[in-house]
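**Q** Here it is, the structure, as C-alpha cells.
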Amino acid sequence: MQHAEAIYHFAAQVAVTTSVDLPINDFYINAKGIINLLEAIRAQDNTAFGVYVYK
C-alpha cells in the first residue's frame, strides 16, 4: 500500500456453494477482508487516489 497509486479489489468466492453452506463465515470473510483493505488504505499518507470497490 505504501507506494500504491491505485488499488483494485476483485476478490470473490470461486464457488457459490461456500456461501450457501456457511453463510455467516462467508459474510465475515468478505466483510473483514474489505475492512482490512480500507483500513490499510486509510493508514497511508497518500490520499491523492480514489478507492473503487467492485464485487
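Starting from 1 in every chain, residues are counted up; chains themselves are A, B, ... following the order of the C-alpha cells, and ligands are numbered from 1 as listed.
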From chain A, collect each residue whose DSSP state is strand (DSSP E or B) and return the set as a compact mmCIF listing (two decimals) with N, CA and C atoms, in the first residue's frame.

**A**
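Wrote out.txt, looks like this:
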# COMPACT_ATOMS: atom_id res chain seq x y z
N TYR A 8 -7.12 -2.07 -6.76
CA TYR A 8 -8.28 -2.75 -7.31
C TYR A 8 -8.55 -3.99 -6.46
N HIS A 9 -9.74 -4.09 -5.96
CA HIS A 9 -10.11 -5.23 -5.11
C HIS A 9 -11.14 -6.06 -5.86
N TYR A 52 -12.08 2.47 -5.39
CA TYR A 52 -13.23 1.91 -6.09
C TYR A 52 -13.30 0.43 -5.79
N VAL A 53 -14.41 -0.04 -5.30
CA VAL A 53 -14.55 -1.45 -4.94
C VAL A 53 -15.72 -2.03 -5.74

**Q** Using DSSP on the backbone coordinates, identify the residues of segment 11-49 of chain A assigned to alpha helix (DSSP H); present them as a ChimeraX atom specification.

**A** /A:16-21,23-42

**Q** Would you export the selected residues with N, CA, C and O atoms as a compact mmCIF listing (two decimals), in the first residue's frame, please?

**A**
# COMPACT_ATOMS: atom_id res chain seq x y z
N VAL A 16 -20.25 -20.75 -5.36
CA VAL A 16 -21.39 -20.27 -4.58
C VAL A 16 -21.72 -21.21 -3.43
O VAL A 16 -22.25 -20.78 -2.40
N THR A 17 -21.37 -22.46 -3.55
CA THR A 17 -21.70 -23.44 -2.51
C THR A 17 -21.13 -23.07 -1.15
O THR A 17 -21.72 -23.35 -0.12
N THR A 18 -19.99 -22.42 -1.14
CA THR A 18 -19.38 -22.00 0.12
C THR A 18 -20.29 -21.03 0.85
O THR A 18 -20.51 -21.15 2.06
N SER A 19 -20.85 -20.07 0.13
CA SER A 19 -21.72 -19.09 0.78
C SER A 19 -23.06 -19.70 1.17
O SER A 19 -23.70 -19.24 2.10
N VAL A 20 -23.48 -20.74 0.49
CA VAL A 20 -24.73 -21.43 0.83
C VAL A 20 -24.52 -22.32 2.06
O VAL A 20 -25.35 -22.34 2.97
N ASP A 21 -23.41 -23.03 2.09
CA ASP A 21 -23.13 -23.95 3.20
C ASP A 21 -22.78 -23.23 4.49
O ASP A 21 -23.19 -23.65 5.57
N PRO A 23 -22.99 -19.45 5.36
CA PRO A 23 -23.23 -18.04 5.03
C PRO A 23 -22.62 -17.05 6.02
O PRO A 23 -22.14 -15.99 5.61
N ILE A 24 -22.62 -17.36 7.29
CA ILE A 24 -22.05 -16.44 8.29
C ILE A 24 -20.54 -16.34 8.09
O ILE A 24 -19.97 -15.24 8.11
N ASN A 25 -19.90 -17.46 7.89
CA ASN A 25 -18.46 -17.49 7.64
C ASN A 25 -18.12 -16.72 6.36
O ASN A 25 -17.18 -15.93 6.32
N ASP A 26 -18.90 -16.94 5.33
CA ASP A 26 -18.71 -16.26 4.06
C ASP A 26 -18.83 -14.74 4.23
O ASP A 26 -18.00 -13.98 3.75
N PHE A 27 -19.87 -14.31 4.94
CA PHE A 27 -20.06 -12.88 5.19
C PHE A 27 -18.90 -12.30 5.98
O PHE A 27 -18.37 -11.24 5.65
N TYR A 28 -18.47 -12.99 7.03
CA TYR A 28 -17.38 -12.50 7.86
C TYR A 28 -16.09 -12.33 7.05
O TYR A 28 -15.41 -11.32 7.16
N ILE A 29 -15.77 -13.32 6.24
CA ILE A 29 -14.55 -13.26 5.43
C ILE A 29 -14.60 -12.08 4.48
O ILE A 29 -13.64 -11.31 4.35
N ASN A 30 -15.73 -11.89 3.81
CA ASN A 30 -15.86 -10.79 2.85
C ASN A 30 -15.85 -9.44 3.55
O ASN A 30 -15.17 -8.51 3.12
N ALA A 31 -16.61 -9.30 4.62
CA ALA A 31 -16.69 -8.02 5.34
C ALA A 31 -15.36 -7.67 5.99
O ALA A 31 -14.89 -6.54 5.89
N LYS A 32 -14.75 -8.63 6.64
CA LYS A 32 -13.46 -8.38 7.31
C LYS A 32 -12.37 -8.08 6.29
O LYS A 32 -11.52 -7.22 6.51
N GLY A 33 -12.42 -8.75 5.16
CA GLY A 33 -11.42 -8.51 4.12
C GLY A 33 -11.48 -7.09 3.58
O GLY A 33 -10.44 -6.43 3.44
N ILE A 34 -12.66 -6.59 3.30
CA ILE A 34 -12.78 -5.24 2.77
C ILE A 34 -12.44 -4.20 3.83
O ILE A 34 -11.82 -3.18 3.54
N ILE A 35 -12.82 -4.46 5.08
CA ILE A 35 -12.46 -3.53 6.16
C ILE A 35 -10.94 -3.48 6.32
O ILE A 35 -10.36 -2.40 6.48
N ASN A 36 -10.27 -4.63 6.27
CA ASN A 36 -8.81 -4.65 6.37
C ASN A 36 -8.17 -3.84 5.24
O ASN A 36 -7.22 -3.08 5.47
N LEU A 37 -8.69 -3.99 4.03
CA LEU A 37 -8.16 -3.24 2.90
C LEU A 37 -8.38 -1.74 3.09
O LEU A 37 -7.45 -0.94 2.92
N LEU A 38 -9.57 -1.33 3.45
CA LEU A 38 -9.87 0.09 3.64
C LEU A 38 -9.06 0.69 4.78
O LEU A 38 -8.60 1.84 4.69
N GLU A 39 -8.86 -0.05 5.85
CA GLU A 39 -8.04 0.44 6.97
C GLU A 39 -6.58 0.59 6.56
O GLU A 39 -5.91 1.54 6.97
N ALA A 40 -6.08 -0.33 5.75
CA ALA A 40 -4.70 -0.22 5.26
C ALA A 40 -4.54 1.01 4.38
O ALA A 40 -3.53 1.72 4.45
N ILE A 41 -5.56 1.30 3.57
CA ILE A 41 -5.52 2.50 2.73
C ILE A 41 -5.57 3.74 3.61
O ILE A 41 -4.80 4.69 3.41
N ARG A 42 -6.44 3.75 4.58
CA ARG A 42 -6.59 4.92 5.44
C ARG A 42 -5.32 5.21 6.23
O ARG A 42 -5.02 6.37 6.54
